[in-house]
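Below is one structure; the comments refer to it alone.
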Amino acid sequence: MKMYKYLYLLLCISGGMMLVSCKKFLDIRASSTTVNPTKISDFQEMLNNDSLGTNNNLLADLITDDITMSNNHLQSDNNFSRTYLWNSIIWGSADQDWMYNGYYSRILQLNIILDRIGNAEADSLNTEETRSTIISEAKIHRAWYYLQLANIYGPAYNATTAATDLAVPLILTPDASARPARSSVATTYNQVLADLTDAVNSTYLPARGRNIIHPGKASGFALLARTYLYMGNYDDAQRFADSALQLQSALLDYNKKYFQPNQLTDLSAHPEIMLGRVSIDRGYYKTYTAPHLIGATLKTLLGTADLRYTRLFYQDIFRSGFLNGVSVITTDNSVGVPEVMLIKAECLARKGSVADAGALVDQLRKNRFTASSYTSRTYTTDNILSYVLDERRRELVYYGGLRLFDLKRLNKDAAYQKDLTRTSGTTELARLPAGSPKYLFPFAPLVISNNLNIVQNPR
């Protein structure tokens, strides 16, 4: 696969600089300036790099109803506006999909670790415990990336069609010559489950990672819960949500503090995070000199008294950040306690456990409102699932595509499917019907030209 070879060469060229200059979360000195890892310390360095937790997922959020682009912004014809308006053509012939490329460059990094660690040089660090922990961390990271890819470029999981529905190329070894076709959704999900199961079954993986970029069992359980939720397997989703919450369950009281990251290290003390992820986009602000606006239906759902609104938005404008003196669009995409609580709540709601599901929602909400603005609610069999799903939307704003993934899976249910629209005043600019193939992000022409085995998504 030429694109994979390109990414491999890019990593080889920049790898030495990456290993010694990127922010580190452990006090490990770089033992090498090469990406030809031979020692356990080399593999530790590769996992100690904050690039694994830093991505650019803005386009996945731009598809959804959580964002409004202003009329002035829509005057420009570019990837942002085309994505927002669900155009048939998103990419120009020379455009790079940095979301896709970024994911696979990190998967390559993880595949190198998993492929070579068995041949690491014998030294004092090369113990069964250390090797096993490195393997488990790499597999959890890889599972996160493939679950993202499958849900951005593929359809929602459907048990009756998953074996034939197409996801993404599934690359598990650092083979620069491979040109794999798109794997099925079922095959991709099975790989995600296999990686996560192997990781959490390790005797040596700690309950919680050493910091937010080093996964522990809590994050592995959380991602298993997320995966099974997307599959509609609510028993296993609840079981693994419980396992995650037994290891980590702290909530942050927004009345006392709030973390809006400019970079990954800004989240390092956040008590809710099981696995740190941030999305950083420099292009949107550079193009428009202003951030985007909140989606109209999201604003109605949040209301201005919700501290999640006031912390993220100012007069409906997303609060952009600064990184190295440059304005950027930065959002928290981490795997964390609130999402796991809401996964459990959804599973309970679908089983009719109204009181237990409502208690989880209330526990979260009490940490997101001032005491004077918090109001109690009455939950019933008829409304509990809607309340839980609404709370997911409130809590997981701009979480790197999670709203998109929810829209896709809920569109399979007539009671929750919805058509999305883009408007200017009373004029409808575009419509995205429930179940439209345009929910699947298209592959950039460069990706397909580098691997002709990739079948393009229909538009």
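Residues in the structure tokens are named by chain (A, B, ... in the order shown) and by number from 1 within that chain; ligands are numbered from 1 in the order shown.
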At most 9 Å is the cut-off: for each residue in segment 203-296 of chain A with any atom that close to an atom of segment 121-142 of chain A, write down the nearest atom pair and the distance in Å rounded to one decimal, counting only C-alpha atoms, chain first then increasing number, as CSV.
residue,atom,partner,partner_atom,distance
A:Thr203,CA,A:Glu129,CA,8.3
A:Tyr204,CA,A:Glu129,CA,5.7
A:Leu205,CA,A:Thr133,CA,5.2
A:Pro206,CA,A:Thr133,CA,8.2
A:Gly209,CA,A:Glu137,CA,8.8
A:His214,CA,A:Glu137,CA,6.6
A:Pro215,CA,A:Glu137,CA,5.5
A:Gly216,CA,A:Glu137,CA,7.3
A:Ser219,CA,A:Ile140,CA,8.0
A:Gly220,CA,A:Ile140,CA,6.1
A:Leu223,CA,A:Ile140,CA,8.2
Neighbours of Ile343 of chain A within 8 Å (only C-alpha atoms; same-chain residues fewer than 5 positions away dropped), as a ChimeraX atom specification? /A:225-226,229,237-238,241
Just list as a ChimeraX atom specification whatever in segment 278-409 of chain A DSSP marks as alpha helix (DSSP H). /A:283-288,296-302,307-312,337-350,354-365,384-395,402-409
Selected residues written out, C-alpha atoms, as a short mmCIF file (atom, residue, chain, number, x, y, z; two decimals), in the first residue's frame:
data_model
loop_
_atom_site.label_atom_id
_atom_site.label_comp_id
_atom_site.auth_asym_id
_atom_site.auth_seq_id
_atom_site.Cartn_x
_atom_site.Cartn_y
_atom_site.Cartn_z
CA GLY A 283 -6.61 25.13 9.81
CA TYR A 284 -10.14 26.25 10.73
CA TYR A 285 -9.09 29.29 12.72
CA LYS A 286 -6.38 30.11 10.20
CA THR A 287 -8.96 30.02 7.40
CA TYR A 288 -11.71 31.99 9.12
CA ALA A 296 -28.94 25.26 17.31
CA THR A 297 -30.43 22.02 18.61
CA LEU A 298 -27.46 21.44 20.91
CA LYS A 299 -27.91 24.91 22.41
CA THR A 300 -31.59 24.22 23.01
CA LEU A 301 -30.70 20.91 24.66
CA LEU A 302 -27.93 22.33 26.84
CA LEU A 307 -21.98 24.70 32.99
CA ARG A 308 -21.02 22.63 29.97
CA TYR A 309 -22.39 25.46 27.86
CA THR A 310 -20.68 28.27 29.74
CA ARG A 311 -17.34 26.46 29.86
CA LEU A 312 -17.30 25.61 26.14
CA VAL A 337 -15.70 8.26 33.51
CA PRO A 338 -18.75 10.27 32.30
CA GLU A 339 -18.99 8.36 29.03
CA VAL A 340 -18.73 5.03 30.85
CA MET A 341 -21.45 6.08 33.29
CA LEU A 342 -23.70 6.98 30.36
CA ILE A 343 -22.95 3.70 28.60
CA LYS A 344 -24.07 1.88 31.73
CA ALA A 345 -27.11 4.15 32.04
CA GLU A 346 -28.13 3.46 28.42
CA CYS A 347 -27.85 -0.28 28.93
CA LEU A 348 -29.95 -0.06 32.09
CA ALA A 349 -32.51 2.14 30.37
CA ARG A 350 -32.87 -0.28 27.48
CA VAL A 354 -35.42 3.18 35.26
CA ALA A 355 -34.32 4.11 38.78
CA ASP A 356 -30.74 2.88 38.36
CA ALA A 357 -30.31 4.58 34.98
CA GLY A 358 -31.80 7.81 36.29
CA ALA A 359 -29.52 7.78 39.32
CA LEU A 360 -26.44 7.69 37.09
CA VAL A 361 -27.71 10.58 34.98
CA ASP A 362 -28.51 12.63 38.09
CA GLN A 363 -25.10 11.90 39.59
CA LEU A 364 -23.46 13.35 36.51
CA ARG A 365 -25.79 16.33 36.22
CA ILE A 384 -35.61 7.27 30.49
CA LEU A 385 -33.81 6.28 27.29
CA SER A 386 -34.41 9.69 25.73
CA TYR A 387 -33.03 11.36 28.84
CA VAL A 388 -29.91 9.18 28.76
CA LEU A 389 -29.30 9.79 25.05
CA ASP A 390 -29.79 13.54 25.52
CA GLU A 391 -27.28 13.47 28.36
CA ARG A 392 -24.75 11.71 26.11
CA ARG A 393 -25.11 14.57 23.67
CA ARG A 394 -24.67 17.20 26.37
CA GLU A 395 -21.65 15.56 27.91
CA LEU A 402 -18.88 10.32 19.11
CA ARG A 403 -21.97 12.35 18.17
CA LEU A 404 -21.58 11.18 14.56
CA PHE A 405 -21.33 7.58 15.72
CA ASP A 406 -24.46 8.00 17.85
CA LEU A 407 -26.41 9.52 14.97
CA LYS A 408 -25.46 6.60 12.74
CA ARG A 409 -26.41 3.90 15.23
#
Polymer residues at most 12 Å from Asn324 of chain A, only C-alpha atoms, same-chain spacing of 6 or more positions, as a PyMOL selection string: chain A and resi 262-263+282
File of the preceding selection, C-alpha atoms, as a compact mmCIF listing (two decimals), in the first residue's frame:
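Everything below was put into selection-v1.txt:
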# COMPACT_ATOMS: atom_id res chain seq x y z
CA ASN A 262 -4.99 23.65 24.61
CA GLN A 263 -2.82 20.55 24.47
CA ARG A 282 -5.01 24.78 13.23
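Atom pair atom CA of Ala222 of chain A / atom CA of Trp98 of chain A: separated by 26.4 Å.
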What lies within 7 Å of Asn453 of chain A using only C-alpha atoms, ignoring chain neighbours under 4 positions off, as a compact mmCIF listing (two decimals) with C-alpha atoms, in the first residue's frame?
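Final file, around_13.txt:
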# COMPACT_ATOMS: atom_id res chain seq x y z
CA ARG A 179 -2.19 -2.90 -0.29
CA PRO A 180 -5.10 -4.27 1.70
CA ALA A 181 -8.70 -3.85 0.69
Residues within 8 Å of Asn111 of chain A, please, as JSON, numbers by chain. Count only C-alpha atoms; anything in the same chain fewer than 2 positions from it doesn't count. {"A": [107, 108, 109, 113, 114, 115, 172, 173, 174]}
Can you tell me which residues surround segment 72-89 of chain A at a distance of at most 7 Å, considering only C-alpha atoms, apart from same-chain residues fewer than 2 positions away, and format the answer as a PyMOL selection string? chain A and resi 59+62-63+69-70+91+288+422+430+438+459
How would the residues just picked look written out with C-alpha atoms as a short mmCIF file (atom, residue, chain, number, x, y, z; two decimals), in the first residue's frame?
data_model
loop_
_atom_site.label_atom_id
_atom_site.label_comp_id
_atom_site.auth_asym_id
_atom_site.auth_seq_id
_atom_site.Cartn_x
_atom_site.Cartn_y
_atom_site.Cartn_z
CA LEU A 59 -14.09 17.00 10.33
CA LEU A 62 -18.44 19.00 11.43
CA ILE A 63 -20.77 16.37 9.93
CA MET A 69 -20.86 27.44 10.54
CA SER A 70 -21.68 31.11 10.05
CA TRP A 91 -11.79 16.32 -1.40
CA TYR A 288 -11.71 31.99 9.12
CA ARG A 422 -28.31 23.27 7.35
CA ALA A 430 -28.66 21.22 2.74
CA LYS A 438 -23.18 10.71 3.31
CA ARG A 459 -22.21 9.68 -2.00
#
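Counting only C-alpha atoms and comparing A:Leu440, A:Ala414, A:Ile448, A:Leu170, the residue that lies closest to Asp95 of chain A is A:Ile448.
Closest approach to Ile317 of chain A among A:Ile212, A:Leu396, A:Leu147, A:Ile294 is made by A:Ile294 (distances from only C-alpha atoms).
Between Phe441 of chain A and the candidates A:Ala218, A:Arg182, A:Asn457, A:Tyr234, the tightest atom-to-atom separation, counting only C-alpha atoms, involves A:Asn457.
Excluding Leu446 of chain A itself and same-chain residues fewer than 5 positions from it, the residues having an atom within 10 Å of it are A:Met3, A:Trp91, A:Gly92, A:Ser93, A:Ala94, A:Asp95, A:Gln96, A:Asp97, A:Asn451, counting only C-alpha atoms.
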Interatomic distance between atom CA of Glu428 of chain A and atom CA of Asn71 of chain A? 12.4 Å
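For the pair atom CA of Leu275 of chain A and atom CA of Tyr153 of chain A, the separation is 22.8 Å.
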